[in-house]
Every structure is written in structure tokens, then in C-alpha cells.
$ cat query.txt   # compact mmCIF, C-alpha atoms
# COMPACT_ATOMS: atom_id res chain seq x y z
CA MET N 1 -20.83 -50.91 -6.93
CA SER N 2 -19.68 -47.52 -8.28
CA SER N 3 -17.44 -45.13 -6.36
CA PHE N 4 -20.53 -43.12 -5.40
CA GLU N 5 -22.41 -45.97 -3.79
CA ARG N 6 -21.93 -47.20 -0.28
CA LEU N 7 -23.33 -49.70 2.18
CA PRO N 8 -24.19 -48.07 5.51
CA ALA N 9 -24.17 -49.90 8.82
CA ASP N 10 -27.81 -50.92 8.49
CA GLY N 11 -27.03 -52.79 5.26
CA LEU N 12 -29.25 -50.64 3.06
CA ARG N 13 -27.69 -49.47 -0.18
CA ALA N 14 -27.39 -45.71 -0.57
CA GLU N 15 -26.05 -43.52 -3.34
CA THR N 16 -24.20 -40.26 -3.02
CA MET N 17 -24.30 -37.43 -5.53
CA MET N 18 -21.35 -35.71 -7.21
CA ILE N 19 -21.65 -32.01 -8.05
CA ASN N 20 -19.22 -29.35 -9.25
CA MET N 21 -18.89 -26.16 -7.22
CA GLY N 22 -17.17 -23.60 -9.41
CA PRO N 23 -14.85 -22.81 -11.12
CA SER N 24 -16.84 -19.55 -11.25
CA HIS N 25 -19.03 -19.38 -8.18
CA PRO N 26 -20.10 -16.50 -5.89
CA ALA N 27 -18.57 -18.29 -2.90
CA MET N 28 -15.20 -18.94 -4.58
CA HIS N 29 -12.09 -16.75 -4.65
CA GLY N 30 -10.71 -16.94 -8.16
CA THR N 31 -10.94 -19.93 -10.46
CA VAL N 32 -11.20 -22.92 -8.15
CA ARG N 33 -13.43 -25.96 -8.71
CA LEU N 34 -14.53 -28.18 -5.85
CA ILE N 35 -15.72 -31.66 -6.79
CA LEU N 36 -18.14 -32.52 -4.00
CA GLU N 37 -19.57 -35.89 -3.08
CA LEU N 38 -22.80 -35.36 -1.16
CA ASP N 39 -24.87 -37.62 1.03
CA GLY N 40 -27.98 -35.49 1.26
CA GLU N 41 -26.67 -32.20 2.66
CA THR N 42 -23.53 -33.80 4.12
CA VAL N 43 -20.25 -33.41 2.22
CA VAL N 44 -18.67 -36.89 2.19
CA LYS N 45 -15.66 -35.98 0.09
CA CYS N 46 -14.20 -32.80 -1.42
CA SER N 47 -11.58 -32.78 -4.18
CA PRO N 48 -10.24 -29.29 -5.01
CA GLU N 49 -9.06 -28.51 -8.51
CA ILE N 50 -7.03 -25.29 -8.71
CA GLY N 51 -7.83 -23.38 -11.85
CA TYR N 52 -5.79 -21.01 -13.98
CA LEU N 53 -6.96 -17.49 -14.73
CA HIS N 54 -5.29 -16.22 -17.90
CA ARG N 55 -5.00 -12.45 -17.71
CA GLY N 56 -2.63 -11.94 -20.64
CA PHE N 57 0.46 -11.52 -18.42
CA GLU N 58 2.63 -13.80 -20.52
CA LYS N 59 1.52 -12.22 -23.81
CA MET N 60 2.13 -8.67 -22.57
CA CYS N 61 5.63 -9.57 -21.42
CA GLU N 62 6.53 -10.82 -24.89
CA ALA N 63 6.51 -7.20 -26.07
CA LYS N 64 8.54 -5.84 -23.11
CA VAL N 65 12.20 -5.82 -22.16
CA TRP N 66 13.22 -7.58 -18.94
CA ASN N 67 12.87 -4.61 -16.57
CA ASN N 68 9.60 -3.40 -18.07
CA ALA N 69 7.93 -6.68 -17.15
CA ILE N 70 8.59 -6.23 -13.40
CA PRO N 71 5.46 -4.07 -12.72
CA TYR N 72 3.28 -6.85 -14.15
CA THR N 73 4.55 -9.26 -11.49
CA ASP N 74 3.08 -7.00 -8.77
CA ARG N 75 -0.38 -7.91 -10.01
CA LEU N 76 0.03 -11.69 -9.93
CA ASN N 77 -0.70 -11.89 -6.20
CA TYR N 78 -1.78 -8.69 -4.48
CA ALA N 79 -1.27 -10.24 -1.02
CA SER N 80 2.52 -10.63 -1.48
CA PRO N 81 3.60 -8.71 -4.60
CA MET N 82 7.21 -8.42 -3.45
CA LEU N 83 7.66 -12.19 -3.62
CA ASN N 84 6.53 -12.11 -7.24
CA ASN N 85 8.99 -9.31 -8.00
CA VAL N 86 11.87 -11.26 -6.49
CA GLY N 87 10.90 -14.58 -8.05
CA TYR N 88 10.77 -13.05 -11.51
CA VAL N 89 14.11 -11.22 -11.37
CA ILE N 90 15.88 -14.28 -9.90
CA ALA N 91 14.68 -16.33 -12.87
CA VAL N 92 15.95 -13.73 -15.34
CA GLU N 93 19.25 -13.37 -13.48
CA LYS N 94 19.82 -17.11 -13.71
CA LEU N 95 19.18 -16.99 -17.46
CA LEU N 96 21.63 -14.10 -17.91
CA GLY N 97 24.22 -15.28 -15.39
CA VAL N 98 23.87 -12.13 -13.25
CA GLU N 99 25.12 -12.24 -9.65
CA VAL N 100 23.45 -9.96 -7.08
CA PRO N 101 25.72 -8.21 -4.50
CA PRO N 102 25.21 -9.41 -0.89
CA ARG N 103 23.53 -6.16 0.24
CA GLY N 104 21.07 -6.39 -2.62
CA GLN N 105 20.25 -9.96 -1.59
CA PHE N 106 19.75 -8.88 2.03
CA ALA N 107 17.41 -6.07 0.98
CA ARG N 108 15.38 -8.52 -1.10
CA VAL N 109 15.08 -10.99 1.76
CA ILE N 110 13.99 -8.31 4.24
CA ALA N 111 11.38 -6.91 1.85
CA SER N 112 10.16 -10.39 0.93
CA GLU N 113 9.77 -11.48 4.55
CA ILE N 114 7.68 -8.41 5.35
CA SER N 115 5.53 -9.22 2.32
CA ARG N 116 5.25 -12.88 3.36
CA MET N 117 4.02 -11.95 6.83
CA ALA N 118 1.44 -9.58 5.36
CA ASP N 119 0.24 -12.37 3.07
CA HIS N 120 -0.17 -14.81 5.99
CA LEU N 121 -2.04 -12.21 8.01
CA THR N 122 -4.39 -11.58 5.08
CA ALA N 123 -5.21 -15.29 4.86
CA ILE N 124 -5.62 -15.71 8.62
CA ALA N 125 -7.85 -12.64 8.90
CA ALA N 126 -10.03 -13.79 6.01
CA GLY N 127 -10.21 -17.31 7.43
CA SER N 128 -11.26 -15.97 10.80
CA LEU N 129 -14.06 -13.96 9.21
CA GLU N 130 -15.34 -16.89 7.16
CA LEU N 131 -15.48 -19.00 10.34
CA GLY N 132 -17.50 -16.33 12.10
CA GLY N 133 -14.74 -14.47 13.95
CA TYR N 134 -14.99 -10.81 12.98
CA THR N 135 -12.59 -9.72 15.73
CA GLY N 136 -9.82 -11.90 14.27
CA LEU N 137 -10.30 -10.11 10.95
CA LEU N 138 -9.86 -6.69 12.54
CA TRP N 139 -6.72 -7.68 14.42
CA GLY N 140 -5.21 -9.35 11.35
CA VAL N 141 -5.87 -6.32 9.16
CA GLU N 142 -4.40 -4.03 11.82
CA ALA N 143 -1.19 -6.08 11.93
CA ARG N 144 -1.05 -6.17 8.14
CA GLU N 145 -1.45 -2.39 8.01
CA LEU N 146 1.66 -1.97 10.15
CA LEU N 147 3.62 -4.11 7.71
CA TYR N 148 2.18 -2.22 4.73
CA LYS N 149 3.52 1.01 6.20
CA LEU N 150 6.99 -0.54 6.38
CA THR N 151 6.68 -1.65 2.77
CA GLU N 152 5.65 1.87 1.77
CA GLU N 153 8.66 3.36 3.56
CA LEU N 154 10.92 0.93 1.76
CA THR N 155 9.47 0.95 -1.76
CA GLY N 156 7.21 4.00 -1.97
CA ALA N 157 4.08 1.88 -2.46
CA ARG N 158 1.92 -0.44 -0.38
CA LEU N 159 1.00 -3.06 -3.00
CA THR N 160 2.44 -2.40 -6.45
CA THR N 161 6.00 -2.15 -5.16
CA ASN N 162 8.08 -2.47 -8.37
CA TYR N 163 11.11 -2.60 -6.05
CA THR N 164 13.42 -5.18 -7.60
CA ARG N 165 15.78 -4.68 -10.51
CA LEU N 166 17.97 -7.10 -12.41
CA GLY N 167 21.12 -7.32 -10.31
CA GLY N 168 19.62 -5.87 -7.14
CA VAL N 169 16.90 -3.48 -5.95
CA ARG N 170 15.76 0.01 -6.89
CA HIS N 171 17.31 1.70 -3.85
CA ASP N 172 18.86 0.90 -0.47
CA LEU N 173 17.02 0.52 2.83
CA PRO N 174 16.01 3.91 4.28
CA ASP N 175 17.84 5.29 7.30
CA GLY N 176 16.50 3.98 10.60
CA PHE N 177 14.62 1.11 8.96
CA ASP N 178 15.94 -1.35 11.54
CA ARG N 179 14.51 0.76 14.38
CA ARG N 180 11.15 1.05 12.60
CA TRP N 181 11.03 -2.74 12.19
CA ALA N 182 11.75 -3.23 15.91
CA GLU N 183 8.83 -0.95 16.78
CA VAL N 184 6.45 -2.63 14.34
CA LYS N 185 7.51 -6.12 15.42
CA LYS N 186 6.30 -5.59 19.00
CA ASP N 187 2.83 -4.55 17.87
CA VAL N 188 2.58 -7.33 15.28
CA LEU N 189 3.58 -9.96 17.85
CA ARG N 190 0.95 -8.64 20.26
CA LEU N 191 -1.78 -8.77 17.64
CA VAL N 192 -0.79 -12.25 16.43
CA HIS N 193 -0.89 -13.46 20.04
CA ASP N 194 -4.40 -12.03 20.46
CA ILE N 195 -5.52 -13.68 17.20
CA GLN N 196 -4.08 -17.02 18.26
CA ILE N 197 -5.85 -16.95 21.62
CA ARG N 198 -9.12 -16.01 19.93
CA LEU N 199 -8.93 -18.71 17.26
CA THR N 200 -7.64 -21.56 19.43
CA THR N 201 -9.88 -21.07 22.45
CA GLY N 202 -13.13 -19.71 20.98
CA LYS N 203 -16.03 -22.15 21.13
CA ILE N 204 -17.00 -21.66 17.49
CA TYR N 205 -13.67 -23.14 16.38
CA THR N 206 -13.48 -26.18 18.64
CA ILE N 207 -13.87 -29.66 17.21
CA GLU N 208 -14.53 -32.96 18.93
CA LYS N 209 -10.92 -33.92 19.72
CA GLY N 210 -9.16 -30.62 20.23
CA THR N 211 -9.04 -27.15 18.73
CA VAL N 212 -8.47 -25.91 15.23
CA GLN N 213 -4.96 -24.47 14.83
CA LEU N 214 -5.35 -21.61 12.33
CA VAL N 215 -2.56 -19.18 13.20
CA ALA N 216 0.75 -19.82 11.42
CA ASP N 217 4.03 -18.59 12.93
CA VAL N 218 4.03 -15.52 10.70
CA THR N 219 6.59 -13.69 12.82
CA LYS N 220 9.38 -16.20 12.29
CA THR N 221 11.49 -14.17 9.92
CA THR N 222 15.08 -13.57 8.96
CA ALA N 223 14.45 -9.88 8.46
$ encode --input "query.txt" --output "C-alpha cells"
Amino acid sequence: MSSFERLPADGLRAETMMINMGPSHPAMHGTVRLILELDGETVVKCSPEIGYLHRGFEKMCEAKVWNNAIPYTDRLNYASPMLNNVGYVIAVEKLLGVEVPPRGQFARVIASEISRMADHLTAIAAGSLELGGYTGLLWGVEARELLYKLTEELTGARLTTNYTRLGGVRHDLPDGFDRRWAEVKKDVLRLVHDIQIRLTTGKIYTIEKGTVQLVADVTKTTA
């Protein structure tokens, strides 16, 4: 019996069908292929295969010096561009044996944690919408907008930050940034709490033996 045949409880032999969904499909984000095993309209098994979208990033960087490649890293993941900035310069610094001063490291961590939270909120908001919860999308985007404003105050841009440099960052934290974060944190925590209540108690998310836990602890940060 092949891997796509089974014997149900009534003893009658049945066959399932394997189909490929993607890698380029209207319902997919990016290049992702889902190998689906179907029993009629029921998905018996799903095996995801993450694809690779070649956009020429590596080839373009071959013609650039180290610092000129930093803006390209912003575009690798628009949801958390700062993390791509930091990851790239850390790799180059290790190759060159460059040590970053403590304050530069702190600034990178703070900026990266803000970017990480915005990334989580983007995913949670989109997940809420795709499960039928439009309100969760609005709250998630509102919380993300507050974090984007902090990123803009820090770097001068919301998405394409270009903030890191080899050996540190482009400039220091602005005056009063700690107070601005304290103000934003209260509103973000409130919105995340509202999202969590909506997603863990709404009837459209419940399953047979409990509730679906969709909201990550995005506010746990060292910043």
C-alpha cells in the first residue's frame, strides 16, 4: 500500500490525492509551496516547503563596499528591517575583527527590539484578519504604528532605516527617547491585551479542546 492509501475503520480501501499549492499562488505570501494530501476536500497532511526568491541582492552587493550594502538589507524583510541591518553589520564586523563600543551595542539592541515587536504585531494582525477577526487587525496595526513612530524618531525613517554602521550606529539616541518609549509602551500593552482577549475568547477561534493561542509576548523586551 502506497503512502497515499489508507484503510478506514469500515475496512474499505481509500486513496488520498497529493497536490502542490504554490510556490506561486494567489493565496500565498512569497515563494512557499505546500504539499497537500487530500481526502476529498479534507486536508489530511500538509508539508510546507519554504522557497527562495532571488532578487539579485547578493549580486548587487558584489559591486559595493561594505557600508554601501547596508541599504539593501532594509529590503530583505520589510516587517523588521532593523534586524537585517544589525545582522549584516555584525557579520562584517566579525570578518574584520571590529569591536562595537557598549553604547553602540545598546542602541542596536533597543532599535532591534522595537523592530522585533513591530514584526510580531504585523504577523499577529495579519493572522487575525485571515482567521476572520478584522478588529484584531486594526488593533495590531495601531500598536505597530506607535512603534513605527519611535523608529522614525530614532532613524529618520519608518521602514528603510539604514541606521547601522560598521562599528556602531549612524547617530545616538535622541534626547528624551526613554520617556517616549515609556509613553508608547503603555498604549502598546493595552492594545496587545485587547488583541489577546479577542483572539483567545472569540468563538471563531475556539477548537474542540481549548482555545487557539495566537498572541506572542511581543512586549517582553530588553529595550
$ atom_distance --input "query.txt" --atom1 "atom CA of N:Asp119" --atom2 "atom CA of N:Leu173"
21.2 Å
$ closest_residue --input "query.txt" --among "N:Asp172, N:Met82, N:Tyr88, N:Ala126" --to "N:Thr151" --atoms "all atoms listed in the file"
N:Met82
$ residues_around --input "query.txt" --residues "N:Ile70" --least-positions-apart "6" --cutoff "10 Å" --atoms "all atoms listed in the file" --output "ChimeraX atom specification"
/N:61,64,84-86,88-89,161-166
$ write_last_selection --input "query.txt" --atoms "C-alpha atoms" --output "mmCIF file, keeping the file's coordinate frame"
data_model
loop_
_atom_site.group_PDB
_atom_site.id
_atom_site.type_symbol
_atom_site.label_atom_id
_atom_site.label_comp_id
_atom_site.auth_asym_id
_atom_site.auth_seq_id
_atom_site.Cartn_x
_atom_site.Cartn_y
_atom_site.Cartn_z
ATOM 1 C CA CYS N 61 5.630 -9.570 -21.420
ATOM 2 C CA LYS N 64 8.540 -5.840 -23.110
ATOM 3 C CA ASN N 84 6.530 -12.110 -7.240
ATOM 4 C CA ASN N 85 8.990 -9.310 -8.000
ATOM 5 C CA VAL N 86 11.870 -11.260 -6.490
ATOM 6 C CA TYR N 88 10.770 -13.050 -11.510
ATOM 7 C CA VAL N 89 14.110 -11.220 -11.370
ATOM 8 C CA THR N 161 6.000 -2.150 -5.160
ATOM 9 C CA ASN N 162 8.080 -2.470 -8.370
ATOM 10 C CA TYR N 163 11.110 -2.600 -6.050
ATOM 11 C CA THR N 164 13.420 -5.180 -7.600
ATOM 12 C CA ARG N 165 15.780 -4.680 -10.510
ATOM 13 C CA LEU N 166 17.970 -7.100 -12.410
#
$ atom_distance --input "query.txt" --atom1 "atom CA of N:Leu147" --atom2 "atom CA of N:Lys185"
8.9 Å
$ atom_distance --input "query.txt" --atom1 "atom CA of N:Ala79" --atom2 "atom CA of N:Asp194"
21.8 Å
$ closest_residue --input "query.txt" --among "N:Asp178, N:Glu153, N:Glu99, N:Asp187" --to "N:Trp139" --atoms "only C-alpha atoms"
N:Asp187
$ residues_around --input "query.txt" --residues "N:Gly51" --least-positions-apart "3" --cutoff "7 Å" --atoms "all atoms listed in the file" --output "list in words"
Thr31, Val32 and Arg33 of chain N
$ closest_residue --input "query.txt" --among "N:Gly56, N:Gly136, N:Gly40, N:Pro174" --to "N:Ala123" --atoms "all atoms listed in the file"
N:Gly136
$ closest_residue --input "query.txt" --among "N:Trp66, N:Val141, N:Thr155, N:Phe177" --to "N:Ala91" --atoms "all atoms listed in the file"
N:Trp66
$ residues_around --input "query.txt" --residues "N:Gly104" --least-positions-apart "6" --cutoff "8 Å" --atoms "only C-alpha atoms" --output "number ranges by chain"
N: 167-169, 172
$ write_last_selection --input "query.txt" --atoms "C-alpha atoms" --output "CSV table (one decimal), in the coordinates of the input"
chain,number,residue,atom,x,y,z
N,167,GLY,CA,21.1,-7.3,-10.3
N,168,GLY,CA,19.6,-5.9,-7.1
N,169,VAL,CA,16.9,-3.5,-6.0
N,172,ASP,CA,18.9,0.9,-0.5
$ closest_residue --input "query.txt" --among "N:Leu146, N:Thr16, N:Pro48, N:Val92" --to "N:Val65" --atoms "all atoms listed in the file"
N:Val92
$ closest_residue --input "query.txt" --among "N:Met18, N:Ile195, N:Leu129, N:Ala118" --to "N:Glu145" --atoms "only C-alpha atoms"
N:Ala118
$ residues_around --input "query.txt" --residues "N:Asp74" --least-positions-apart "3" --cutoff "6 Å" --atoms "only C-alpha atoms" --output "ChimeraX atom specification"
/N:71,81,160
$ residues_near_point --input "query.txt" --point "(-25.6, -31.3, -7.1)" --cutoff "12 Å" --atoms "all atoms listed in the file" --output "ChimeraX atom specification"
/N:16-22,34-43
$ decode --input "query.txt" --residues "stretch 41-71 of chain N" --atoms "N, CA, C and O atoms" --output "compact mmCIF listing (two decimals), in the first residue's frame"
# COMPACT_ATOMS: atom_id res chain seq x y z
N GLU N 41 -12.23 16.86 0.13
CA GLU N 41 -11.93 18.27 0.41
C GLU N 41 -11.24 18.44 1.76
O GLU N 41 -11.01 19.57 2.19
N THR N 42 -10.91 17.33 2.43
CA THR N 42 -10.27 17.40 3.74
C THR N 42 -8.76 17.29 3.58
O THR N 42 -8.26 16.37 2.91
N VAL N 43 -8.02 18.22 4.18
CA VAL N 43 -6.56 18.17 4.16
C VAL N 43 -6.10 17.19 5.24
O VAL N 43 -6.25 17.44 6.43
N VAL N 44 -5.53 16.06 4.81
CA VAL N 44 -5.06 15.04 5.74
C VAL N 44 -3.67 15.38 6.25
O VAL N 44 -3.34 15.18 7.42
N LYS N 45 -2.84 15.93 5.37
CA LYS N 45 -1.47 16.25 5.74
C LYS N 45 -1.00 17.44 4.93
O LYS N 45 -1.38 17.60 3.77
N CYS N 46 -0.18 18.29 5.55
CA CYS N 46 0.36 19.46 4.86
C CYS N 46 1.84 19.57 5.16
O CYS N 46 2.24 19.65 6.33
N SER N 47 2.67 19.56 4.12
CA SER N 47 4.13 19.67 4.29
C SER N 47 4.59 20.95 3.61
O SER N 47 4.59 21.04 2.38
N PRO N 48 4.97 21.97 4.40
CA PRO N 48 5.42 23.24 3.79
C PRO N 48 6.85 23.14 3.30
O PRO N 48 7.69 22.49 3.92
N GLU N 49 7.11 23.78 2.19
CA GLU N 49 8.45 23.85 1.64
C GLU N 49 8.75 25.33 1.37
O GLU N 49 8.20 25.92 0.45
N ILE N 50 9.62 25.91 2.20
CA ILE N 50 9.91 27.34 2.09
C ILE N 50 10.79 27.59 0.88
O ILE N 50 11.83 26.97 0.71
N GLY N 51 10.37 28.48 0.04
CA GLY N 51 11.10 28.76 -1.19
C GLY N 51 12.14 29.85 -1.01
O GLY N 51 12.34 30.39 0.09
N TYR N 52 12.83 30.17 -2.09
CA TYR N 52 13.84 31.22 -2.06
C TYR N 52 13.58 32.14 -3.25
O TYR N 52 13.55 31.69 -4.40
N LEU N 53 13.37 33.40 -2.97
CA LEU N 53 13.12 34.38 -4.01
C LEU N 53 14.40 35.16 -4.26
O LEU N 53 14.84 35.95 -3.41
N HIS N 54 15.04 34.93 -5.39
CA HIS N 54 16.30 35.60 -5.71
C HIS N 54 16.00 36.96 -6.33
O HIS N 54 15.41 37.05 -7.40
N ARG N 55 16.38 38.02 -5.62
CA ARG N 55 16.12 39.37 -6.10
C ARG N 55 17.41 40.10 -6.51
O ARG N 55 17.42 41.30 -6.68
N GLY N 56 18.49 39.38 -6.61
CA GLY N 56 19.74 39.99 -7.04
C GLY N 56 20.50 40.68 -5.92
O GLY N 56 21.46 41.42 -6.19
N PHE N 57 20.09 40.49 -4.66
CA PHE N 57 20.75 41.16 -3.54
C PHE N 57 22.22 40.82 -3.46
O PHE N 57 23.09 41.69 -3.34
N GLU N 58 22.53 39.53 -3.55
CA GLU N 58 23.92 39.10 -3.43
C GLU N 58 24.76 39.68 -4.57
O GLU N 58 25.89 40.14 -4.36
N LYS N 59 24.22 39.65 -5.78
CA LYS N 59 24.98 40.12 -6.95
C LYS N 59 25.23 41.62 -6.87
O LYS N 59 26.33 42.10 -7.20
N MET N 60 24.24 42.39 -6.42
CA MET N 60 24.41 43.83 -6.29
C MET N 60 25.49 44.17 -5.27
O MET N 60 26.28 45.10 -5.45
N CYS N 61 25.53 43.40 -4.18
CA CYS N 61 26.49 43.69 -3.12
C CYS N 61 27.92 43.38 -3.55
O CYS N 61 28.87 43.90 -2.94
N GLU N 62 28.10 42.56 -4.57
CA GLU N 62 29.44 42.27 -5.05
C GLU N 62 30.13 43.52 -5.60
O GLU N 62 31.36 43.60 -5.63
N ALA N 63 29.33 44.48 -6.04
CA ALA N 63 29.89 45.69 -6.65
C ALA N 63 29.90 46.86 -5.67
O ALA N 63 30.16 48.00 -6.07
N LYS N 64 29.59 46.61 -4.39
CA LYS N 64 29.52 47.68 -3.39
C LYS N 64 30.57 47.46 -2.30
O LYS N 64 31.00 46.34 -2.05
N VAL N 65 30.96 48.56 -1.65
CA VAL N 65 31.79 48.44 -0.45
C VAL N 65 30.88 48.10 0.72
O VAL N 65 29.66 48.16 0.62
N TRP N 66 31.48 47.75 1.87
CA TRP N 66 30.72 47.22 2.99
C TRP N 66 29.54 48.12 3.38
O TRP N 66 28.41 47.67 3.51
N ASN N 67 29.81 49.42 3.59
CA ASN N 67 28.74 50.30 4.06
C ASN N 67 27.66 50.54 3.02
O ASN N 67 26.50 50.76 3.36
N ASN N 68 28.02 50.51 1.75
CA ASN N 68 27.03 50.77 0.71
C ASN N 68 26.03 49.63 0.55
O ASN N 68 24.99 49.80 -0.11
N ALA N 69 26.32 48.48 1.12
CA ALA N 69 25.40 47.35 1.03
C ALA N 69 24.33 47.40 2.11
O ALA N 69 23.33 46.67 2.03
N ILE N 70 24.50 48.25 3.13
CA ILE N 70 23.56 48.28 4.25
C ILE N 70 22.13 48.62 3.80
O ILE N 70 21.17 47.98 4.24
N PRO N 71 21.91 49.63 2.91
CA PRO N 71 20.53 49.92 2.49
C PRO N 71 19.82 48.73 1.84
O PRO N 71 18.59 48.63 1.92
